[in-house]
Amino acid sequence: MVSKHVQEETNYYWKKFRSLSSNGISPKEFLDNLIYLNKSSIRQNKEVFSCIMKKLLDKRTFDIGYSRNLLMKYSYVFGGIIEYELIHNPKALSKALQFVLVSLSGRPHSKMFDFGVLALNRFHKCLKNH
């Protein structure tokens, strides 16, 4: 069971990331936070990282109703978590790679296709490692 404090911190990160206003955080800042949380030796940070990753890898996270702008923010982060090897579970990594592949099978220049292209551009150099 995840503590209330961990859930609140996770929700805080998501709210800041999803915000398209000036008080939001950029995809780079969000990814930097994920890297920090992953490398942290503090247990609570590790738990927040796990919660964020579970939500990020949940297929329902990528709602087709998202604006192109928000979906492109997600693609930067999604490609980054693969590029920086932040997905430790082989099944979860397979799921992430499959999600990118499926999005690339869509109609060219659709939101989901562009999502796949941008994510792939982030991690294509490290594909041989996977």
# chains A, B, ... in the order shown; residues from 1 in each chain; ligands from 1

$ residues_around --residues "segment 72-75 of chain A" --least-positions-apart "5" --cutoff "7 Å" --atoms "only C-alpha atoms" --output "MDAnalysis selection string"
chainID A and resid 27 115 118:119

$ residues_around --residues "Gln44 of chain A" --least-positions-apart "2" --cutoff "10 Å" --atoms "only C-alpha atoms" --output "ChimeraX atom specification"
/A:2-3,5-6,9,37,40-42,46-50

$ write_last_selection --atoms "N, CA and C atoms" --output "mmCIF file, in the first residue's frame"
data_model
loop_
_atom_site.group_PDB
_atom_site.id
_atom_site.type_symbol
_atom_site.label_atom_id
_atom_site.label_comp_id
_atom_site.auth_asym_id
_atom_site.auth_seq_id
_atom_site.Cartn_x
_atom_site.Cartn_y
_atom_site.Cartn_z
ATOM 1 N N VAL A 2 0.556 2.169 -0.827
ATOM 2 C CA VAL A 2 1.314 3.400 -0.948
ATOM 3 C C VAL A 2 0.776 4.423 0.051
ATOM 4 N N SER A 3 1.681 5.108 0.729
ATOM 5 C CA SER A 3 1.260 6.084 1.739
ATOM 6 C C SER A 3 0.580 7.285 1.079
ATOM 7 N N HIS A 5 1.158 10.374 1.660
ATOM 8 C CA HIS A 5 2.153 11.389 1.307
ATOM 9 C C HIS A 5 2.790 11.091 -0.056
ATOM 10 N N VAL A 6 3.073 9.829 -0.315
ATOM 11 C CA VAL A 6 3.656 9.425 -1.603
ATOM 12 C C VAL A 6 2.651 9.699 -2.716
ATOM 13 N N GLU A 9 2.531 13.468 -3.367
ATOM 14 C CA GLU A 9 3.706 13.941 -4.089
ATOM 15 C C GLU A 9 3.663 13.508 -5.559
ATOM 16 N N LEU A 37 14.734 11.005 -8.710
ATOM 17 C CA LEU A 37 13.982 10.119 -7.815
ATOM 18 C C LEU A 37 14.488 8.685 -7.921
ATOM 19 N N SER A 40 17.892 8.333 -6.138
ATOM 20 C CA SER A 40 17.859 8.699 -4.727
ATOM 21 C C SER A 40 17.964 7.464 -3.831
ATOM 22 N N SER A 41 18.601 7.646 -2.698
ATOM 23 C CA SER A 41 18.678 6.558 -1.711
ATOM 24 C C SER A 41 17.560 6.687 -0.678
ATOM 25 N N ILE A 42 16.730 7.703 -0.809
ATOM 26 C CA ILE A 42 15.617 7.920 0.116
ATOM 27 C C ILE A 42 14.433 7.053 -0.306
ATOM 28 N N LYS A 46 12.013 6.788 -3.908
ATOM 29 C CA LYS A 46 11.896 5.568 -4.721
ATOM 30 C C LYS A 46 10.423 5.186 -4.914
ATOM 31 N N GLU A 47 9.629 5.349 -3.855
ATOM 32 C CA GLU A 47 8.207 5.025 -3.944
ATOM 33 C C GLU A 47 7.482 5.988 -4.880
ATOM 34 N N VAL A 48 7.828 7.273 -4.811
ATOM 35 C CA VAL A 48 7.233 8.260 -5.723
ATOM 36 C C VAL A 48 7.613 7.918 -7.159
ATOM 37 N N PHE A 49 8.881 7.568 -7.376
ATOM 38 C CA PHE A 49 9.340 7.169 -8.705
ATOM 39 C C PHE A 49 8.515 5.989 -9.218
ATOM 40 N N SER A 50 8.324 4.982 -8.391
ATOM 41 C CA SER A 50 7.556 3.800 -8.794
ATOM 42 C C SER A 50 6.119 4.159 -9.155
#

$ atom_distance --atom1 "atom CA of Gly116 of chain A" --atom2 "atom CA of Leu101 of chain A"
7.0 Å

$ residues_around --residues "Ile52 of chain A" --least-positions-apart "2" --cutoff "12 Å" --atoms "only C-alpha atoms" --output "PDB file with N, CA, C and O atoms, in the first residue's frame"
ATOM      1  N   VAL A   2       0.556   2.169  -0.827  1.00  0.00           N
ATOM      2  CA  VAL A   2       1.314   3.400  -0.948  1.00  0.00           C
ATOM      3  C   VAL A   2       0.776   4.423   0.051  1.00  0.00           C
ATOM      4  O   VAL A   2      -0.436   4.584   0.190  1.00  0.00           O
ATOM      5  N   VAL A   6       3.073   9.829  -0.315  1.00  0.00           N
ATOM      6  CA  VAL A   6       3.656   9.425  -1.603  1.00  0.00           C
ATOM      7  C   VAL A   6       2.651   9.699  -2.716  1.00  0.00           C
ATOM      8  O   VAL A   6       3.009  10.224  -3.776  1.00  0.00           O
ATOM      9  N   GLN A   7       1.392   9.372  -2.493  1.00  0.00           N
ATOM     10  CA  GLN A   7       0.354   9.633  -3.490  1.00  0.00           C
ATOM     11  C   GLN A   7       0.219  11.125  -3.767  1.00  0.00           C
ATOM     12  O   GLN A   7       0.091  11.542  -4.925  1.00  0.00           O
ATOM     13  N   GLU A   8       0.272  11.934  -2.713  1.00  0.00           N
ATOM     14  CA  GLU A   8       0.153  13.383  -2.883  1.00  0.00           C
ATOM     15  C   GLU A   8       1.332  13.946  -3.673  1.00  0.00           C
ATOM     16  O   GLU A   8       1.155  14.790  -4.550  1.00  0.00           O
ATOM     17  N   GLU A   9       2.531  13.468  -3.367  1.00  0.00           N
ATOM     18  CA  GLU A   9       3.706  13.941  -4.089  1.00  0.00           C
ATOM     19  C   GLU A   9       3.663  13.508  -5.559  1.00  0.00           C
ATOM     20  O   GLU A   9       3.991  14.277  -6.457  1.00  0.00           O
ATOM     21  N   THR A  10       3.228  12.278  -5.791  1.00  0.00           N
ATOM     22  CA  THR A  10       3.085  11.781  -7.154  1.00  0.00           C
ATOM     23  C   THR A  10       2.082  12.644  -7.920  1.00  0.00           C
ATOM     24  O   THR A  10       2.348  13.075  -9.047  1.00  0.00           O
ATOM     25  N   ASN A  11       0.948  12.914  -7.309  1.00  0.00           N
ATOM     26  CA  ASN A  11      -0.079  13.752  -7.949  1.00  0.00           C
ATOM     27  C   ASN A  11       0.433  15.164  -8.203  1.00  0.00           C
ATOM     28  O   ASN A  11       0.101  15.776  -9.224  1.00  0.00           O
ATOM     29  N   TYR A  12       1.240  15.678  -7.292  1.00  0.00           N
ATOM     30  CA  TYR A  12       1.832  17.004  -7.468  1.00  0.00           C
ATOM     31  C   TYR A  12       2.690  17.033  -8.729  1.00  0.00           C
ATOM     32  O   TYR A  12       2.576  17.939  -9.555  1.00  0.00           O
ATOM     33  N   TYR A  13       3.564  16.038  -8.896  1.00  0.00           N
ATOM     34  CA  TYR A  13       4.413  15.976 -10.092  1.00  0.00           C
ATOM     35  C   TYR A  13       3.565  15.896 -11.360  1.00  0.00           C
ATOM     36  O   TYR A  13       3.835  16.574 -12.344  1.00  0.00           O
ATOM     37  N   TRP A  14       2.534  15.042 -11.344  1.00  0.00           N
ATOM     38  CA  TRP A  14       1.685  14.893 -12.526  1.00  0.00           C
ATOM     39  C   TRP A  14       0.954  16.184 -12.853  1.00  0.00           C
ATOM     40  O   TRP A  14       0.855  16.573 -14.018  1.00  0.00           O
ATOM     41  N   LYS A  15       0.436  16.853 -11.822  1.00  0.00           N
ATOM     42  CA  LYS A  15      -0.294  18.100 -12.044  1.00  0.00           C
ATOM     43  C   LYS A  15       0.617  19.157 -12.660  1.00  0.00           C
ATOM     44  O   LYS A  15       0.238  19.854 -13.598  1.00  0.00           O
ATOM     45  N   PHE A  17       3.340  18.622 -14.381  1.00  0.00           N
ATOM     46  CA  PHE A  17       3.733  18.200 -15.715  1.00  0.00           C
ATOM     47  C   PHE A  17       2.610  18.425 -16.731  1.00  0.00           C
ATOM     48  O   PHE A  17       2.833  18.919 -17.823  1.00  0.00           O
ATOM     49  N   PHE A  30      10.625  17.316 -15.892  1.00  0.00           N
ATOM     50  CA  PHE A  30       9.936  16.136 -15.382  1.00  0.00           C
ATOM     51  C   PHE A  30      10.849  14.915 -15.477  1.00  0.00           C
ATOM     52  O   PHE A  30      10.972  14.148 -14.528  1.00  0.00           O
ATOM     53  N   LEU A  31      11.507  14.763 -16.618  1.00  0.00           N
ATOM     54  CA  LEU A  31      12.431  13.646 -16.808  1.00  0.00           C
ATOM     55  C   LEU A  31      13.614  13.745 -15.848  1.00  0.00           C
ATOM     56  O   LEU A  31      14.020  12.748 -15.253  1.00  0.00           O
ATOM     57  N   ASN A  33      13.532  15.091 -12.937  1.00  0.00           N
ATOM     58  CA  ASN A  33      12.995  14.701 -11.630  1.00  0.00           C
ATOM     59  C   ASN A  33      12.906  13.188 -11.514  1.00  0.00           C
ATOM     60  O   ASN A  33      13.216  12.619 -10.462  1.00  0.00           O
ATOM     61  N   LEU A  34      12.477  12.523 -12.582  1.00  0.00           N
ATOM     62  CA  LEU A  34      12.409  11.054 -12.564  1.00  0.00           C
ATOM     63  C   LEU A  34      13.792  10.444 -12.357  1.00  0.00           C
ATOM     64  O   LEU A  34      13.945   9.502 -11.577  1.00  0.00           O
ATOM     65  N   ILE A  35      14.773  10.975 -13.046  1.00  0.00           N
ATOM     66  CA  ILE A  35      16.149  10.471 -12.899  1.00  0.00           C
ATOM     67  C   ILE A  35      16.623  10.668 -11.466  1.00  0.00           C
ATOM     68  O   ILE A  35      17.203   9.769 -10.859  1.00  0.00           O
ATOM     69  N   LEU A  37      14.734  11.005  -8.710  1.00  0.00           N
ATOM     70  CA  LEU A  37      13.982  10.119  -7.815  1.00  0.00           C
ATOM     71  C   LEU A  37      14.488   8.685  -7.921  1.00  0.00           C
ATOM     72  O   LEU A  37      14.592   7.975  -6.919  1.00  0.00           O
ATOM     73  N   ASN A  38      14.824   8.255  -9.125  1.00  0.00           N
ATOM     74  CA  ASN A  38      15.310   6.892  -9.337  1.00  0.00           C
ATOM     75  C   ASN A  38      16.670   6.668  -8.676  1.00  0.00           C
ATOM     76  O   ASN A  38      16.917   5.612  -8.100  1.00  0.00           O
ATOM     77  N   ASN A  45      11.379   8.713  -1.996  1.00  0.00           N
ATOM     78  CA  ASN A  45      11.627   9.123  -3.379  1.00  0.00           C
ATOM     79  C   ASN A  45      11.496   7.939  -4.329  1.00  0.00           C
ATOM     80  O   ASN A  45      10.958   8.066  -5.431  1.00  0.00           O
ATOM     81  N   LYS A  46      12.013   6.788  -3.908  1.00  0.00           N
ATOM     82  CA  LYS A  46      11.896   5.568  -4.721  1.00  0.00           C
ATOM     83  C   LYS A  46      10.423   5.186  -4.914  1.00  0.00           C
ATOM     84  O   LYS A  46      10.020   4.756  -5.990  1.00  0.00           O
ATOM     85  N   GLU A  47       9.629   5.349  -3.855  1.00  0.00           N
ATOM     86  CA  GLU A  47       8.207   5.025  -3.944  1.00  0.00           C
ATOM     87  C   GLU A  47       7.482   5.988  -4.880  1.00  0.00           C
ATOM     88  O   GLU A  47       6.624   5.565  -5.661  1.00  0.00           O
ATOM     89  N   VAL A  48       7.828   7.273  -4.811  1.00  0.00           N
ATOM     90  CA  VAL A  48       7.233   8.260  -5.723  1.00  0.00           C
ATOM     91  C   VAL A  48       7.613   7.918  -7.159  1.00  0.00           C
ATOM     92  O   VAL A  48       6.771   7.931  -8.060  1.00  0.00           O
ATOM     93  N   PHE A  49       8.881   7.568  -7.376  1.00  0.00           N
ATOM     94  CA  PHE A  49       9.340   7.169  -8.705  1.00  0.00           C
ATOM     95  C   PHE A  49       8.515   5.989  -9.218  1.00  0.00           C
ATOM     96  O   PHE A  49       8.033   5.995 -10.358  1.00  0.00           O
ATOM     97  N   SER A  50       8.324   4.982  -8.391  1.00  0.00           N
ATOM     98  CA  SER A  50       7.556   3.800  -8.794  1.00  0.00           C
ATOM     99  C   SER A  50       6.119   4.159  -9.155  1.00  0.00           C
ATOM    100  O   SER A  50       5.580   3.661 -10.148  1.00  0.00           O
ATOM    101  N   LYS A  54       4.485   3.690 -12.846  1.00  0.00           N
ATOM    102  CA  LYS A  54       3.296   2.858 -13.055  1.00  0.00           C
ATOM    103  C   LYS A  54       2.239   3.620 -13.839  1.00  0.00           C
ATOM    104  O   LYS A  54       1.633   3.092 -14.762  1.00  0.00           O
ATOM    105  N   LYS A  55       2.051   4.875 -13.473  1.00  0.00           N
ATOM    106  CA  LYS A  55       1.056   5.687 -14.172  1.00  0.00           C
ATOM    107  C   LYS A  55       1.508   5.975 -15.603  1.00  0.00           C
ATOM    108  O   LYS A  55       0.695   5.926 -16.528  1.00  0.00           O
ATOM    109  N   LEU A  56       2.771   6.248 -15.779  1.00  0.00           N
ATOM    110  CA  LEU A  56       3.292   6.554 -17.115  1.00  0.00           C
ATOM    111  C   LEU A  56       3.165   5.349 -18.042  1.00  0.00           C
ATOM    112  O   LEU A  56       2.881   5.502 -19.230  1.00  0.00           O
ATOM    113  N   LEU A  57       3.370   4.157 -17.512  1.00  0.00           N
ATOM    114  CA  LEU A  57       3.305   2.950 -18.331  1.00  0.00           C
ATOM    115  C   LEU A  57       1.897   2.375 -18.460  1.00  0.00           C
ATOM    116  O   LEU A  57       1.695   1.388 -19.159  1.00  0.00           O
ATOM    117  N   ASP A  58       0.936   3.010 -17.802  1.00  0.00           N
ATOM    118  CA  ASP A  58      -0.452   2.588 -17.928  1.00  0.00           C
ATOM    119  C   ASP A  58      -0.979   3.098 -19.263  1.00  0.00           C
ATOM    120  O   ASP A  58      -0.969   4.294 -19.527  1.00  0.00           O
ATOM    121  N   THR A  61      -3.033   6.124 -19.700  1.00  0.00           N
ATOM    122  CA  THR A  61      -2.452   7.447 -19.492  1.00  0.00           C
ATOM    123  C   THR A  61      -2.506   8.256 -20.784  1.00  0.00           C
ATOM    124  O   THR A  61      -2.638   9.463 -20.765  1.00  0.00           O
ATOM    125  N   VAL A  77       9.025  12.523 -22.568  1.00  0.00           N
ATOM    126  CA  VAL A  77       9.292  11.793 -21.327  1.00  0.00           C
ATOM    127  C   VAL A  77       9.309  10.288 -21.587  1.00  0.00           C
ATOM    128  O   VAL A  77      10.193   9.575 -21.102  1.00  0.00           O
ATOM    129  N   PHE A  78       8.355   9.812 -22.365  1.00  0.00           N
ATOM    130  CA  PHE A  78       8.263   8.383 -22.643  1.00  0.00           C
ATOM    131  C   PHE A  78       9.530   7.886 -23.329  1.00  0.00           C
ATOM    132  O   PHE A  78      10.095   6.874 -22.954  1.00  0.00           O
ATOM    133  N   ILE A  81      12.460   7.886 -20.738  1.00  0.00           N
ATOM    134  CA  ILE A  81      12.549   6.808 -19.748  1.00  0.00           C
ATOM    135  C   ILE A  81      13.148   5.555 -20.369  1.00  0.00           C
ATOM    136  O   ILE A  81      13.793   4.772 -19.690  1.00  0.00           O
ATOM    137  N   LEU A  86      15.214   3.818 -17.408  1.00  0.00           N
ATOM    138  CA  LEU A  86      14.536   3.981 -16.133  1.00  0.00           C
ATOM    139  C   LEU A  86      13.486   2.896 -15.898  1.00  0.00           C
ATOM    140  O   LEU A  86      12.895   2.826 -14.830  1.00  0.00           O
ATOM    141  N   ILE A  87      13.269   2.061 -16.907  1.00  0.00           N
ATOM    142  CA  ILE A  87      12.324   0.958 -16.775  1.00  0.00           C
ATOM    143  C   ILE A  87      13.140  -0.286 -16.441  1.00  0.00           C
ATOM    144  O   ILE A  87      13.873  -0.798 -17.280  1.00  0.00           O
TER     145      ILE A  87
END

$ select_by_dssp --residues "segment 2-128 of chain A" --states "helix (DSSP H, G or I)" --output "PyMOL selection string"
chain A and resi 4-18+27-39+43-56+59-61+68-83+90-104+111-128

$ closest_residue --among "A:Asn121, A:Ser19, A:Ser67, A:Ser26" --to "Val100 of chain A" --atoms "only C-alpha atoms"
A:Asn121

$ atom_distance --atom1 "atom CA of Cys126 of chain A" --atom2 "atom CA of Gly106 of chain A"
23.3 Å

$ closest_residue --among "A:Lys128, A:Arg68, A:His88, A:Lys39" --to "Asp114 of chain A" --atoms "only C-alpha atoms"
A:Arg68

$ atom_distance --atom1 "atom CA of Leu20 of chain A" --atom2 "atom CA of Leu71 of chain A"
11.3 Å

$ decode --residues "segment 21-32 of chain A" --atoms "N, CA, C and O atoms" --output "short mmCIF file (atom, residue, chain, number, x, y, z; two decimals), in the first residue's frame"
data_model
loop_
_atom_site.label_atom_id
_atom_site.label_comp_id
_atom_site.auth_asym_id
_atom_site.auth_seq_id
_atom_site.Cartn_x
_atom_site.Cartn_y
_atom_site.Cartn_z
N SER A 21 0.25 25.71 -18.46
CA SER A 21 0.46 27.11 -18.08
C SER A 21 1.92 27.34 -17.69
O SER A 21 2.73 26.40 -17.65
N SER A 22 2.24 28.56 -17.39
CA SER A 22 3.62 28.92 -17.06
C SER A 22 4.09 28.33 -15.73
O SER A 22 5.29 28.25 -15.49
N ASN A 23 3.18 27.91 -14.86
CA ASN A 23 3.61 27.34 -13.58
C ASN A 23 3.85 25.82 -13.67
O ASN A 23 4.18 25.19 -12.69
N GLY A 24 3.70 25.26 -14.86
CA GLY A 24 3.96 23.84 -15.05
C GLY A 24 5.46 23.58 -15.22
O GLY A 24 6.27 24.50 -15.26
N ILE A 25 5.82 22.30 -15.30
CA ILE A 25 7.22 21.96 -15.53
C ILE A 25 7.35 21.38 -16.94
O ILE A 25 6.43 20.76 -17.46
N SER A 26 8.49 21.59 -17.51
CA SER A 26 8.75 21.12 -18.87
C SER A 26 8.98 19.62 -18.87
O SER A 26 9.27 19.03 -17.82
N PRO A 27 8.87 18.99 -20.04
CA PRO A 27 9.17 17.56 -20.11
C PRO A 27 10.60 17.25 -19.65
O PRO A 27 10.83 16.24 -18.98
N LYS A 28 11.54 18.12 -19.97
CA LYS A 28 12.93 17.91 -19.54
C LYS A 28 13.03 17.94 -18.02
O LYS A 28 13.69 17.10 -17.41
N GLU A 29 12.37 18.91 -17.40
CA GLU A 29 12.38 19.01 -15.93
C GLU A 29 11.72 17.77 -15.30
O GLU A 29 12.21 17.25 -14.29
N PHE A 30 10.63 17.32 -15.89
CA PHE A 30 9.94 16.14 -15.38
C PHE A 30 10.85 14.92 -15.48
O PHE A 30 10.97 14.15 -14.53
N LEU A 31 11.51 14.76 -16.62
CA LEU A 31 12.43 13.65 -16.81
C LEU A 31 13.61 13.74 -15.85
O LEU A 31 14.02 12.75 -15.25
N ASP A 32 14.14 14.95 -15.66
CA ASP A 32 15.23 15.15 -14.69
C ASP A 32 14.78 14.76 -13.28
O ASP A 32 15.55 14.15 -12.53
#
